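Notes to accompany the following structure.
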Amino acid sequence: MSPTDDSASRGQRFRPADRVRRRADFDRVYQQSAYAADDTLVVRGCLNGLAHSRLGLAVSRQVGSAVVRNRWKRLVREAFRRHRGDVPTGLDLVVRPRRGATPVLARVDDSLIRLTRKLARRLGAPLP
RNA sequence: CGAGGGAACUUGACGGUCGCUGGUUCGCCCCCGCGGCGGACGAGAGGAAAGUCCGGGCUCCACAGGACAGAGUGGUCGGUAACGCCGACCGGCCGCGAGGCCAGGGAAAGUGCCACAGAAAACAAACCGCCGGGCGCUCGCCCAUCGGCGCGCACCCGGUAAGGGUGAAACGGUGAGGUAAGAGCUCACCAGCAGCCGGGGUGACCCGGCUGGCUCGGUAAACCCCACUCGGAGCAAGGCCAAACAGGGAGCAGGCAGCUCGCCGCCGAGCGGCCGCGGGUCGGUCCGGCCCGCGCACGACUCCCGGGUAGGCUGCUCGAGGCGCGGAGCAAUCCGCGUCCUAGAGAAAUGACCGUCCGCGGCACGGGCGCCCGCCGGGCGCGCCGGCCGUGACAGAACCCGGCUUACCGGUUCCCUCGCCCC
RNA sequence: CGCGGGGUGGAGCAGUCCGGUAGCUCGCGAGGCUCAUAACCUCGAGGUCGCAGGUUCGAAUCCUGUCCCCGCAA
């Protein structure tokens with residue numbers, strides 16, 4: 001365990017260890033996840049056994065052009081990074097934009113925090 | 001000044017805070033792998049990165065040579081690694097012009113098709129019509145009669161293709177001669193075709209002359225013929241390392257001989273002997289005695305092997321490269337010299353927020369300018385300066401290049417054409 | 001990255017190969033039949049053939065470009 005694998009000291013950084021990167025991790029989320037959504041985001045998540053939460057993104061071509069898809073992914077990453085302290089820990093999350101939603105940072109911030117807390121209550125993960 | 005044509009370039013600038021990706025470098029940590037964490041420095045999307053429509057490099061596979069099939073291309077000459085791309089030129093069409101567009105080989109090699117209309121849609125022939133002849137009938141005239149002449153109608157034979165509302169397209173056009181009527185039947189001029197000759201050009205082709213028969217429709221982005229080109233797959237190519245599970249092999253203490261039983265047996269069970277190994281204990285100088293266990297099979301464990309999954313590394317960015325200067329060429333492009341290094345992700349980085357300026361659009365708030373009404377003043381217009389508001393397009397690298405095509409707010413520069421006015 | 005299929009009235013499909021007339025079923029509207037509804041009978045409306053160019057006398061059909069939808073393999 002590296003000494004910085006402590007979510008309290010992560011601050012607003014966003015490192016590769018903070019992302020869901022493996023096929024197997026995504027499969028686990030999709031097979032045993034809880035689900036929460038509003039009219040901006042759809043979030044699925046499960047416990048990951050780590051001291052911090054990890055973020056994975058699923059933005060298909062149905063969402064729009066490459067520019068629109070990149071825009072969504074950057075906004076969700078930015079929201080996750082900025083509000084690390086407000087998001088529950090110990091979860092693997094897969095986030096997907098809702099069909100028809102418009103990519104605005106303030107709404108993504110709000111949705112991400114509310115939906116992840118709802119998931120945490122459902123899964124019994126520690127709240128911040 | 002107005003209208004227009006053609007090229008080339010550009011795709012906001014600067015600063016601050018918090019982040020991301022990879023590079024160099026420094027420090028710290030441990031289970032030492034060149035792993036994790038932290039800091040510093042400098043770098044980080046495009047003209048189309050897009051569509052994936054062509055062409056190549058590269059990699060792997062296949063391959064003696066050729067032909068057929070299939071696909072593609074299609075004026076000529078040049079450029080290129082190559083092209084279906086580019087340049088120049090030729091030809092055709094469009095435009096007053098600058099210029100623009102063209103899949104632009106072959107229809108006298110063959111086959112097919114040409115709706116409707118029209119006599120006929122391609123070998124030419126036939127219908128109406130026109131002309132000549134024959135025969136018959138009606139009528140008129142001459143005649144005493146026989147008969148003769150003429151007009152009209154029907155039929156038959158022959159000539160003819162000038163005319164026929166059509167159609168996208170109709171077997172050259174105009175004039176004269178000619179004829180029973182006509183016809184390139186003949187002649188002149190014109191259009192077009194073929195052949196020959198001369199000249200110019202590398203060539204496509206152009207210019208000029210002579211002769212000929214007089215004329216032979218369109219469609220090949222219909223089949224086809226001709227000429228030329230093409231092996232297949234793609235960086236998820238290909239290469240290296242390699243968990244776990246499964247597979248194969250070896251090791252981990254057993255070896256040798258004998259007796260009894262099960263059904264003979266080299267198979268199985270049991271018994272005890274010698275040597276060996278492990279443990280215990282006793283005596284003792286590196287040795288010896290006694291006791292217990294081991295012996296087969298399976299599993300576990302350890303090691304090795306090949307293939308290779310998850311995963312990791314590589315291919316991965318220095319290249320038909322950018323910039324500058326000089327030279328060859330009308331140009332596309334090529335050559336020489338100098339100089340620079342400029343993204344390399346992988347559930348996939350280049351983002352968020354703020355400030356100032358810039359471009360564009362709007363408002364008409366203040367100033368300015370012009371016009372109108374007019375006593376102070378007011379109204380309308382312009383959008384020059386300031387102010388306020390909005391806005392900055394199309395779009396995101398994924399092995400790399402050369403093209404094509406498509407999307408796009410705007411801005412800049414150069415060259416050229418036409419019209420009007422002034423000198 | 002490499003391929004395949006498809007855009008035709010409101011819906012589902014023919015017609016495209018081999019170019020000249022866009023047709024079928026359901027649905028829709030009007031009338032009839034019936035006491036009434038359905039069924040049935042008669043009549044009718046409704047199509048930029050995805051879009052833009054080109055070839056041709058003429059294009060849904062042939063060629064080129066382009067947009068969208070669906071699917072396949074690694």
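Residue numbering restarts at 1 in every chain; chains get A, B, ... in the order shown in the structure tokens, and ligands count up from 1 in that same order.
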Item to check | Expected answer as a VMD selection string: helix (DSSP H, G or I) residues in region 15-127 of chain A | outcome: chain A and resid 16 to 18 23 to 32 66 to 82 84 to 86 105 to 123
Next on the checklist: At a cut-off of 9 Å, which residues of chain B touch chain A? Count only C-alpha atoms (C1' of nucleotides) and give the answer as number ranges by chain.
Outcome noted: B: 18-20, 29-30, 36-37, 347, 351-352, 395-396
Using only N, CA and C atoms (P, O5', C5', C4', C3', O3' and C1' of nucleotides), please write the residues we just selected to a file, as a PDB file, in the first residue's frame.
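Full text of again-v5.pdb as output:
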ATOM      1  P     C B  18      -2.194  26.605  -8.419  1.00  0.00           P
ATOM      2  O5'   C B  18      -3.398  25.604  -8.712  1.00  0.00           O
ATOM      3  C5'   C B  18      -4.430  25.416  -7.747  1.00  0.00           C
ATOM      4  C4'   C B  18      -5.528  24.548  -8.297  1.00  0.00           C
ATOM      5  C3'   C B  18      -5.086  23.209  -8.874  1.00  0.00           C
ATOM      6  O3'   C B  18      -4.837  22.240  -7.874  1.00  0.00           O
ATOM      7  C1'   C B  18      -6.646  24.232 -10.335  1.00  0.00           C
ATOM      8  P     G B  19      -3.872  21.011  -8.198  1.00  0.00           P
ATOM      9  O5'   G B  19      -4.750  20.160  -9.219  1.00  0.00           O
ATOM     10  C5'   G B  19      -4.139  19.391 -10.223  1.00  0.00           C
ATOM     11  C4'   G B  19      -5.176  18.886 -11.198  1.00  0.00           C
ATOM     12  C3'   G B  19      -4.645  17.953 -12.279  1.00  0.00           C
ATOM     13  O3'   G B  19      -4.523  16.617 -11.811  1.00  0.00           O
ATOM     14  C1'   G B  19      -5.978  19.612 -13.269  1.00  0.00           C
ATOM     15  P     C B  20      -3.293  15.713 -12.210  1.00  0.00           P
ATOM     16  O5'   C B  20      -3.638  15.290 -13.699  1.00  0.00           O
ATOM     17  C5'   C B  20      -4.840  14.603 -13.986  1.00  0.00           C
ATOM     18  C4'   C B  20      -4.987  14.403 -15.470  1.00  0.00           C
ATOM     19  C3'   C B  20      -3.772  13.792 -16.151  1.00  0.00           C
ATOM     20  O3'   C B  20      -3.750  12.382 -16.027  1.00  0.00           O
ATOM     21  C1'   C B  20      -4.535  15.650 -17.393  1.00  0.00           C
ATOM     22  P     C B  29      13.987   7.184   2.385  1.00  0.00           P
ATOM     23  O5'   C B  29      12.700   6.327   2.003  1.00  0.00           O
ATOM     24  C5'   C B  29      11.515   6.402   2.788  1.00  0.00           C
ATOM     25  C4'   C B  29      10.423   5.563   2.198  1.00  0.00           C
ATOM     26  C3'   C B  29      10.753   4.086   2.013  1.00  0.00           C
ATOM     27  O3'   C B  29      10.584   3.351   3.204  1.00  0.00           O
ATOM     28  C1'   C B  29       9.694   4.926   0.058  1.00  0.00           C
ATOM     29  P     C B  30      11.768   2.318   3.679  1.00  0.00           P
ATOM     30  O5'   C B  30      11.318   0.928   3.044  1.00  0.00           O
ATOM     31  C5'   C B  30      10.112   0.300   3.478  1.00  0.00           C
ATOM     32  C4'   C B  30       9.444  -0.394   2.325  1.00  0.00           C
ATOM     33  C3'   C B  30      10.110  -1.665   1.820  1.00  0.00           C
ATOM     34  O3'   C B  30       9.745  -2.781   2.601  1.00  0.00           O
ATOM     35  C1'   C B  30       9.461  -0.305  -0.011  1.00  0.00           C
ATOM     36  P     G B  36       4.443   2.763 -11.380  1.00  0.00           P
ATOM     37  O5'   G B  36       4.233   3.249  -9.881  1.00  0.00           O
ATOM     38  C5'   G B  36       3.217   2.667  -9.070  1.00  0.00           C
ATOM     39  C4'   G B  36       3.307   3.169  -7.649  1.00  0.00           C
ATOM     40  C3'   G B  36       3.292   4.683  -7.494  1.00  0.00           C
ATOM     41  O3'   G B  36       1.982   5.213  -7.522  1.00  0.00           O
ATOM     42  C1'   G B  36       5.046   3.786  -6.188  1.00  0.00           C
ATOM     43  P     C B  37       1.717   6.680  -8.144  1.00  0.00           P
ATOM     44  O5'   C B  37       2.349   7.628  -7.036  1.00  0.00           O
ATOM     45  C5'   C B  37       1.781   7.683  -5.733  1.00  0.00           C
ATOM     46  C4'   C B  37       2.628   8.523  -4.809  1.00  0.00           C
ATOM     47  C3'   C B  37       2.933   9.932  -5.284  1.00  0.00           C
ATOM     48  O3'   C B  37       1.859  10.827  -5.091  1.00  0.00           O
ATOM     49  C1'   C B  37       4.904   8.947  -4.440  1.00  0.00           C
ATOM     50  P     A B 347      -7.565   1.416 -21.891  1.00  0.00           P
ATOM     51  O5'   A B 347      -8.635   2.470 -21.384  1.00  0.00           O
ATOM     52  C5'   A B 347      -9.293   3.315 -22.298  1.00  0.00           C
ATOM     53  C4'   A B 347     -10.575   3.833 -21.693  1.00  0.00           C
ATOM     54  C3'   A B 347     -10.527   4.025 -20.196  1.00  0.00           C
ATOM     55  O3'   A B 347     -11.301   5.163 -19.855  1.00  0.00           O
ATOM     56  C1'   A B 347     -12.197   2.452 -20.751  1.00  0.00           C
ATOM     57  P     G B 351      -8.697  21.563 -24.558  1.00  0.00           P
ATOM     58  O5'   G B 351      -9.882  21.648 -23.523  1.00  0.00           O
ATOM     59  C5'   G B 351     -10.748  20.534 -23.309  1.00  0.00           C
ATOM     60  C4'   G B 351     -11.025  20.332 -21.846  1.00  0.00           C
ATOM     61  C3'   G B 351     -11.503  21.560 -21.084  1.00  0.00           C
ATOM     62  O3'   G B 351     -12.880  21.834 -21.301  1.00  0.00           O
ATOM     63  C1'   G B 351      -9.868  20.434 -19.821  1.00  0.00           C
ATOM     64  P     A B 352     -13.457  23.337 -21.106  1.00  0.00           P
ATOM     65  O5'   A B 352     -13.449  23.516 -19.523  1.00  0.00           O
ATOM     66  C5'   A B 352     -14.361  22.809 -18.691  1.00  0.00           C
ATOM     67  C4'   A B 352     -14.215  23.240 -17.255  1.00  0.00           C
ATOM     68  C3'   A B 352     -14.313  24.743 -17.029  1.00  0.00           C
ATOM     69  O3'   A B 352     -15.663  25.172 -16.936  1.00  0.00           O
ATOM     70  C1'   A B 352     -12.415  23.901 -15.911  1.00  0.00           C
ATOM     71  P     A B 395     -19.895  19.752 -37.603  1.00  0.00           P
ATOM     72  O5'   A B 395     -18.623  18.822 -37.696  1.00  0.00           O
ATOM     73  C5'   A B 395     -17.927  18.415 -36.531  1.00  0.00           C
ATOM     74  C4'   A B 395     -16.437  18.605 -36.726  1.00  0.00           C
ATOM     75  C3'   A B 395     -15.564  17.774 -35.794  1.00  0.00           C
ATOM     76  O3'   A B 395     -15.368  16.463 -36.316  1.00  0.00           O
ATOM     77  C1'   A B 395     -14.796  20.009 -35.850  1.00  0.00           C
ATOM     78  P     G B 396     -15.490  15.171 -35.349  1.00  0.00           P
ATOM     79  O5'   G B 396     -13.978  14.937 -34.930  1.00  0.00           O
ATOM     80  C5'   G B 396     -13.404  15.682 -33.901  1.00  0.00           C
ATOM     81  C4'   G B 396     -11.953  15.384 -33.776  1.00  0.00           C
ATOM     82  C3'   G B 396     -11.673  14.064 -33.063  1.00  0.00           C
ATOM     83  O3'   G B 396     -10.499  13.471 -33.596  1.00  0.00           O
ATOM     84  C1'   G B 396     -10.801  15.876 -31.796  1.00  0.00           C
TER      85        G B 396
END
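When the distance limit is 10 Å and only C-alpha atoms (C1' of nucleotides) are what count, the residues near Leu112 (chain A), minus those fewer than 3 positions from it on the same chain, are Ala36, Ala37, Asp38, Thr40, Leu41, Val42, Val43, Val76, Ala79, Phe80, His83, Asp86, Val87, Val95, Arg107, Val108, Asp109, Leu115, Thr116, Arg117 and Lys118 of chain A.
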Export of the given selection (C-alpha atoms) as a compact mmCIF listing (two decimals), in the first residue's frame:
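Result went into selection36.txt, see below:
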# COMPACT_ATOMS: atom_id res chain seq x y z
CA ALA A 36 -29.16 5.54 -9.97
CA ALA A 37 -30.12 8.12 -12.56
CA ASP A 38 -31.67 11.50 -13.11
CA THR A 40 -28.57 14.31 -16.70
CA LEU A 41 -26.54 11.21 -15.74
CA VAL A 42 -26.88 7.46 -15.29
CA VAL A 43 -24.57 6.01 -12.62
CA VAL A 76 -17.68 14.23 -15.71
CA ALA A 79 -16.84 17.11 -11.60
CA PHE A 80 -15.40 13.96 -10.02
CA HIS A 83 -15.87 17.21 -5.67
CA ASP A 86 -18.30 15.09 -1.55
CA VAL A 87 -18.33 11.68 -3.26
CA VAL A 95 -21.11 7.00 -15.47
CA ARG A 107 -25.64 20.18 -13.62
CA VAL A 108 -23.06 17.41 -13.91
CA ASP A 109 -21.62 18.44 -10.52
CA LEU A 115 -26.50 9.97 -7.43
CA THR A 116 -23.30 8.62 -5.92
CA ARG A 117 -24.56 9.27 -2.40
CA LYS A 118 -27.76 7.44 -3.23
Next on the checklist: Just to confirm, what's the straight-line distance from CA of Leu47 (chain A) to CA of Leu91 (chain A) in Å (one decimal)?
Outcome noted: 4.6 Å
Next on the checklist: Which residues are close to G53 (chain C), i.e. within 12 Å by only C-alpha atoms (C1' of nucleotides), leaving aside same-chain residues fewer than 5 positions away? Reply as a count of residues only.
Outcome noted: 4
Item to check | 10 Å contact set for Val63 (chain A), only C-alpha atoms (C1' of nucleotides), chain neighbours under 5 positions out, as a ChimeraX atom specification | outcome: /A:68-69,72,96-101
Would you write out those residues with C-alpha atoms, as a compact mmCIF listing (two decimals), in the first residue's frame?
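part30.txt, freshly written:
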# COMPACT_ATOMS: atom_id res chain seq x y z
CA VAL A 68 -19.62 15.99 -27.96
CA ARG A 69 -18.44 12.69 -26.47
CA TRP A 72 -19.09 14.83 -21.72
CA ARG A 96 -23.01 7.53 -18.68
CA PRO A 97 -24.77 10.68 -19.96
CA ARG A 98 -28.53 10.59 -20.25
CA ARG A 99 -29.95 10.69 -23.77
CA GLY A 100 -31.01 14.23 -24.60
CA ALA A 101 -29.14 15.88 -21.76
Item to check | Separation of C1' of A8 (chain B) from C1' of G97 (chain B), in Å and rounded to one decimal | outcome: 23.6 Å
Checklist entry - Neighbours of U55 (chain C) within 10 Å (only C-alpha atoms (C1' of nucleotides); same-chain residues fewer than 4 positions away dropped), as a list in words? => result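 Using only C-alpha atoms (C1' of nucleotides), the neighbours found are A103 and A221 of chain B; A59, C62 and C63 of chain C.
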